[in-house]
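Q: Before we start, here is the structure in question, set down as structure tokens.
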Number of protein chains: 2
Amino acid sequence: MPTSPSPRGRRPDPAVDEKIRAAVLALLLERGLEMTMDEVAARAGVGRASVFRRYGTKRDLLLDTMGRLLDVHVAIPDTGSLAGDLRQVVADTLAVWRDDRLAAVSRQVLGEAGRDPEVADMVRTTMRERMTRSWVVYDRAIERGELRPDADLWLLTDLFAGLVVYRGLLGIGPPGVDAVVDALLHGFAPQGGVEQH
Amino acid sequence: MPTSPSPRGRRPDPAVDEKIRAAVLALLLERGLEMTMDEVAARAGVGRASVFRRYGTKRDLLLDTMGRLLDVHVAIPDTGSLAGDLRQVVADTLAVWRDDRLAAVSRQVLGEAGRDPEVADMVRTTMRERMTRSWVVYDRAIERGELRPDADLWLLTDLFAGLVVYRGLLGIGPPGVDAVVDALLHGFAPQGGVEQH
DNA sequence: CTCATTCTGATACTCGCAGTATCCGATACC
DNA sequence: GGTATCGGATACTGCGAGTATCAGAATGAG
């Protein structure tokens, strides 16, 4: 592709970019989504106009910041058994909600997702990317015969992601890791029980 | 307790109460939570002050309205088998998200729950009440031997409530009822498979 | 070097809306 | 009849997002 026509006047200062990002992130962790644009500018030690030149809207600013906050890479476990790996994955998912500040921010981000479809898209995409990254775990489990080959992996992942999100959002204490893993693997019917209909 | 001292002047007009409630509900379904107090008053054909006399705050008004909206009683199934009953319960939970307007409102209510702890409390309480009402189903299932007697029922209910909420909130298509029920009852491990560790 | 252009911080302005205050007429208790 | 509250209407206050403007600095074009 052709080099973009070289910009004429003064170039945007990358240091300002960074100062703004840092300020928003700090404010987000301290006080949640409720910040004014003036606070952001002040905290960044930057002119109000410089913020609006980069983000046309407060929504844009927060969308970008929330995106960066959610995009945390997670280690892929390999404990040798599906139960072990799942425990790890579930525990990782739960970890966010143990830290009070992170939990508060997560709640608010999910809250925004409820009112702003673009935020919902962002969250969904980020979550799904993170999830698919750990699907090696399920491939291995199927090879070992610990997981049904035809299992609906989206259903599996969404079941525990949903549980965690639901409880976190409504302020219900997090579930025990082992109980969740056991429920996901074996369900609530009695062991070996075959359902009559 | 003593009768409250009889109020002195003119009494609040119940008709006005009702007109306001109806107006908010209508606006809520039409356009979601984003309504102005002037719109509410205008739609109700009522003075602005009369709205503020009843609800000191927009938040109060919406909290009350959302509460009434969520407080829908649900039939308790009795199909003769746990799988059948569960299908019914899951389908009922899913039903809300099939109607576009209701889905939109639900998303926004959950969104508010993320940012306002009082809304979260209200939603949690309402949901839990509705859930416990259908626990007869599980009692019967345990008697029939279709459910582990020591099953964590909150985990069971929150798993599918969470799934539905999570997918609804992020705009992911709803899961199939049968797949959910099957996963809850038997899990994702191969049938009869015993986990090695 | 000079000029045009776009950045930067600062300040002032518009606009929408929640919440408050005030008026005047109506209604109800004492 | 006196007084307190409700009802509708309207004006005012306060806050914060977004816009406009300005003077000074930086940078590429010619």
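Every chain in the structure tokens takes a letter, A first, then B, and so on in the order presented; its residues are numbered from 1, and the ligands are numbered from 1 following the presented order.
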Could I get the residues of chain B with an atom no further than 7 Å from an atom of chain D, each paired with its nearest atom pair and that distance in Å to one decimal, using only C-alpha atoms (C1' of nucleotides), sorted by chain and residue number, as CSV?

A:
residue,atom,partner,partner_atom,distance
B:Arg8,CA,D:DA4,C1',5.7
B:Gly9,CA,D:DT5,C1',4.1
B:Arg10,CA,D:DT5,C1',4.9
B:Arg11,CA,D:DC6,C1',6.3
B:Pro12,CA,D:DC6,C1',5.9
B:Gly47,CA,D:DG8,C1',4.9

Q: Residues of chain B near chain C: apply a cut-off of 12 Å, count only C-alpha atoms (C1' of nucleotides), and supply the list as a list of chain:residue names.

A: B:Pro5, B:Ser6, B:Pro7, B:Arg8, B:Gly9, B:Arg10, B:Arg11, B:Pro12, B:Asp13, B:Glu34, B:Met35, B:Thr36, B:Met37, B:Asp38, B:Glu39, B:Arg48, B:Ala49, B:Val51, B:Phe52, B:Arg53, B:Tyr55, B:Gly56, B:Thr57, B:Lys58, B:Arg59

Q: Any chance you could export the current selection's N, CA and C atoms as a PDB file, in the first residue's frame?

A:
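See selection-v5.pdb below for the written result:
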ATOM      1  N   PRO B   5     -50.218   9.438  62.278  1.00  0.00           N
ATOM      2  CA  PRO B   5     -51.031  10.655  62.438  1.00  0.00           C
ATOM      3  C   PRO B   5     -51.650  11.022  61.101  1.00  0.00           C
ATOM      4  N   SER B   6     -52.952  11.223  61.126  1.00  0.00           N
ATOM      5  CA  SER B   6     -53.646  11.428  59.856  1.00  0.00           C
ATOM      6  C   SER B   6     -53.078  12.634  59.128  1.00  0.00           C
ATOM      7  N   PRO B   7     -52.767  12.489  57.868  1.00  0.00           N
ATOM      8  CA  PRO B   7     -52.140  13.542  57.066  1.00  0.00           C
ATOM      9  C   PRO B   7     -53.073  14.744  56.980  1.00  0.00           C
ATOM     10  N   ARG B   8     -52.471  15.908  56.959  1.00  0.00           N
ATOM     11  CA  ARG B   8     -53.288  17.118  57.060  1.00  0.00           C
ATOM     12  C   ARG B   8     -54.002  17.517  55.771  1.00  0.00           C
ATOM     13  N   GLY B   9     -53.265  17.907  54.783  1.00  0.00           N
ATOM     14  CA  GLY B   9     -53.886  18.528  53.610  1.00  0.00           C
ATOM     15  C   GLY B   9     -54.484  17.573  52.605  1.00  0.00           C
ATOM     16  N   ARG B  10     -54.443  17.971  51.390  1.00  0.00           N
ATOM     17  CA  ARG B  10     -54.977  17.176  50.285  1.00  0.00           C
ATOM     18  C   ARG B  10     -54.229  15.844  50.168  1.00  0.00           C
ATOM     19  N   ARG B  11     -54.952  14.786  49.807  1.00  0.00           N
ATOM     20  CA  ARG B  11     -54.307  13.467  49.712  1.00  0.00           C
ATOM     21  C   ARG B  11     -53.779  13.223  48.310  1.00  0.00           C
ATOM     22  N   PRO B  12     -52.682  12.464  48.225  1.00  0.00           N
ATOM     23  CA  PRO B  12     -52.142  12.131  46.897  1.00  0.00           C
ATOM     24  C   PRO B  12     -53.182  11.392  46.075  1.00  0.00           C
ATOM     25  N   ASP B  13     -53.244  11.706  44.835  1.00  0.00           N
ATOM     26  CA  ASP B  13     -54.244  11.117  43.948  1.00  0.00           C
ATOM     27  C   ASP B  13     -53.743   9.778  43.387  1.00  0.00           C
ATOM     28  N   GLU B  34     -33.339   5.150  28.908  1.00  0.00           N
ATOM     29  CA  GLU B  34     -32.971   6.530  28.644  1.00  0.00           C
ATOM     30  C   GLU B  34     -34.195   7.380  28.368  1.00  0.00           C
ATOM     31  N   MET B  35     -34.763   7.876  29.451  1.00  0.00           N
ATOM     32  CA  MET B  35     -35.906   8.766  29.339  1.00  0.00           C
ATOM     33  C   MET B  35     -35.660   9.939  30.278  1.00  0.00           C
ATOM     34  N   THR B  36     -36.218  11.081  29.923  1.00  0.00           N
ATOM     35  CA  THR B  36     -36.070  12.224  30.811  1.00  0.00           C
ATOM     36  C   THR B  36     -37.303  12.313  31.701  1.00  0.00           C
ATOM     37  N   MET B  37     -37.127  12.977  32.829  1.00  0.00           N
ATOM     38  CA  MET B  37     -38.244  13.129  33.745  1.00  0.00           C
ATOM     39  C   MET B  37     -39.365  13.936  33.095  1.00  0.00           C
ATOM     40  N   ASP B  38     -39.017  14.860  32.252  1.00  0.00           N
ATOM     41  CA  ASP B  38     -40.036  15.640  31.544  1.00  0.00           C
ATOM     42  C   ASP B  38     -40.869  14.738  30.637  1.00  0.00           C
ATOM     43  N   GLU B  39     -40.197  13.820  29.981  1.00  0.00           N
ATOM     44  CA  GLU B  39     -40.930  12.899  29.124  1.00  0.00           C
ATOM     45  C   GLU B  39     -41.913  12.071  29.945  1.00  0.00           C
ATOM     46  N   ARG B  48     -44.705  17.829  36.308  1.00  0.00           N
ATOM     47  CA  ARG B  48     -43.367  17.384  36.644  1.00  0.00           C
ATOM     48  C   ARG B  48     -43.205  17.204  38.163  1.00  0.00           C
ATOM     49  N   ALA B  49     -43.736  18.132  38.911  1.00  0.00           N
ATOM     50  CA  ALA B  49     -43.586  18.095  40.369  1.00  0.00           C
ATOM     51  C   ALA B  49     -44.215  16.843  40.969  1.00  0.00           C
ATOM     52  N   VAL B  51     -44.316  13.947  39.799  1.00  0.00           N
ATOM     53  CA  VAL B  51     -43.402  12.815  39.660  1.00  0.00           C
ATOM     54  C   VAL B  51     -42.355  12.876  40.768  1.00  0.00           C
ATOM     55  N   PHE B  52     -41.769  14.069  40.924  1.00  0.00           N
ATOM     56  CA  PHE B  52     -40.709  14.211  41.923  1.00  0.00           C
ATOM     57  C   PHE B  52     -41.252  14.090  43.346  1.00  0.00           C
ATOM     58  N   ARG B  53     -42.533  14.360  43.539  1.00  0.00           N
ATOM     59  CA  ARG B  53     -43.091  14.194  44.881  1.00  0.00           C
ATOM     60  C   ARG B  53     -43.125  12.711  45.264  1.00  0.00           C
ATOM     61  N   TYR B  55     -41.206  10.177  43.622  1.00  0.00           N
ATOM     62  CA  TYR B  55     -39.871   9.587  43.522  1.00  0.00           C
ATOM     63  C   TYR B  55     -38.840  10.701  43.597  1.00  0.00           C
ATOM     64  N   GLY B  56     -38.106  10.710  44.684  1.00  0.00           N
ATOM     65  CA  GLY B  56     -37.165  11.810  44.876  1.00  0.00           C
ATOM     66  C   GLY B  56     -36.129  11.888  43.788  1.00  0.00           C
ATOM     67  N   THR B  57     -35.961  10.784  43.094  1.00  0.00           N
ATOM     68  CA  THR B  57     -34.842  10.687  42.167  1.00  0.00           C
ATOM     69  C   THR B  57     -35.220   9.821  40.975  1.00  0.00           C
ATOM     70  N   LYS B  58     -34.608  10.090  39.865  1.00  0.00           N
ATOM     71  CA  LYS B  58     -34.857   9.275  38.686  1.00  0.00           C
ATOM     72  C   LYS B  58     -34.508   7.817  38.994  1.00  0.00           C
ATOM     73  N   ARG B  59     -33.436   7.652  39.735  1.00  0.00           N
ATOM     74  CA  ARG B  59     -33.000   6.317  40.116  1.00  0.00           C
ATOM     75  C   ARG B  59     -34.109   5.575  40.886  1.00  0.00           C
TER      76      ARG B  59
END

Q: Write out as JSON lines a residue-level contact list of chain A versus chain B with cut-off 6 Å: for each qualifying residue the closest pair of atoms and the distance in Å to one decimal, counting only C-alpha atoms, rows sorted by chain and residue number upward.

A:
{"residue": "A:Arg107", "atom": "CA", "partner": "B:Gly114", "partner_atom": "CA", "distance": 4.7}
{"residue": "A:Gln108", "atom": "CA", "partner": "B:Gly114", "partner_atom": "CA", "distance": 4.9}
{"residue": "A:Gly111", "atom": "CA", "partner": "B:Gly111", "partner_atom": "CA", "distance": 3.6}
{"residue": "A:Glu112", "atom": "CA", "partner": "B:Gly111", "partner_atom": "CA", "distance": 5.9}
{"residue": "A:Gly114", "atom": "CA", "partner": "B:Gly111", "partner_atom": "CA", "distance": 4.2}
{"residue": "A:Arg115", "atom": "CA", "partner": "B:Gln108", "partner_atom": "CA", "distance": 5.1}
{"residue": "A:Ala120", "atom": "CA", "partner": "B:Leu170", "partner_atom": "CA", "distance": 5.0}
{"residue": "A:Arg124", "atom": "CA", "partner": "B:Leu170", "partner_atom": "CA", "distance": 5.9}
{"residue": "A:Glu146", "atom": "CA", "partner": "B:Ala189", "partner_atom": "CA", "distance": 5.7}
{"residue": "A:Leu147", "atom": "CA", "partner": "B:Ala189", "partner_atom": "CA", "distance": 4.6}
{"residue": "A:Arg148", "atom": "CA", "partner": "B:Pro190", "partner_atom": "CA", "distance": 4.9}
{"residue": "A:Leu159", "atom": "CA", "partner": "B:Leu163", "partner_atom": "CA", "distance": 5.1}
{"residue": "A:Gly162", "atom": "CA", "partner": "B:Gly162", "partner_atom": "CA", "distance": 4.3}
{"residue": "A:Leu163", "atom": "CA", "partner": "B:Gly162", "partner_atom": "CA", "distance": 4.5}
{"residue": "A:Tyr166", "atom": "CA", "partner": "B:Gly162", "partner_atom": "CA", "distance": 4.9}
{"residue": "A:Leu169", "atom": "CA", "partner": "B:Gly114", "partner_atom": "CA", "distance": 5.7}
{"residue": "A:Leu170", "atom": "CA", "partner": "B:Ala120", "partner_atom": "CA", "distance": 5.0}
{"residue": "A:Leu184", "atom": "CA", "partner": "B:Gly187", "partner_atom": "CA", "distance": 4.9}
{"residue": "A:Leu185", "atom": "CA", "partner": "B:Gly187", "partner_atom": "CA", "distance": 4.4}
{"residue": "A:His186", "atom": "CA", "partner": "B:Gly187", "partner_atom": "CA", "distance": 4.1}
{"residue": "A:Gly187", "atom": "CA", "partner": "B:Gly187", "partner_atom": "CA", "distance": 4.1}
{"residue": "A:Phe188", "atom": "CA", "partner": "B:Leu185", "partner_atom": "CA", "distance": 4.8}
{"residue": "A:Ala189", "atom": "CA", "partner": "B:Leu147", "partner_atom": "CA", "distance": 4.6}
{"residue": "A:Pro190", "atom": "CA", "partner": "B:Arg148", "partner_atom": "CA", "distance": 4.9}
{"residue": "A:Gly192", "atom": "CA", "partner": "B:Gly192", "partner_atom": "CA", "distance": 5.4}

Q: Among region 133-189 of chain B, which residues does DSSP mark as helix (DSSP H, G or I) when it is run on the backbone? Keep the chain and numbering as in the structure and answer as an NGL selection string.

A: :B and (133 or 135-144 or 153-170 or 177-186)

Q: Rounded to one decimal place, report the CA of His73 (chain A)-CA of Leu25 (chain A) distance in Å.

A: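 Computing it gives 17.8 Å between the two atoms.
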
Q: For Leu102 (chain A), which of A:Val74, A:Leu69, A:Met127, A:Val16 is the closest residue, counting only C-alpha atoms?

A: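 Looking at the shortest contact to Leu102 (chain A), the residue is A:Leu69.
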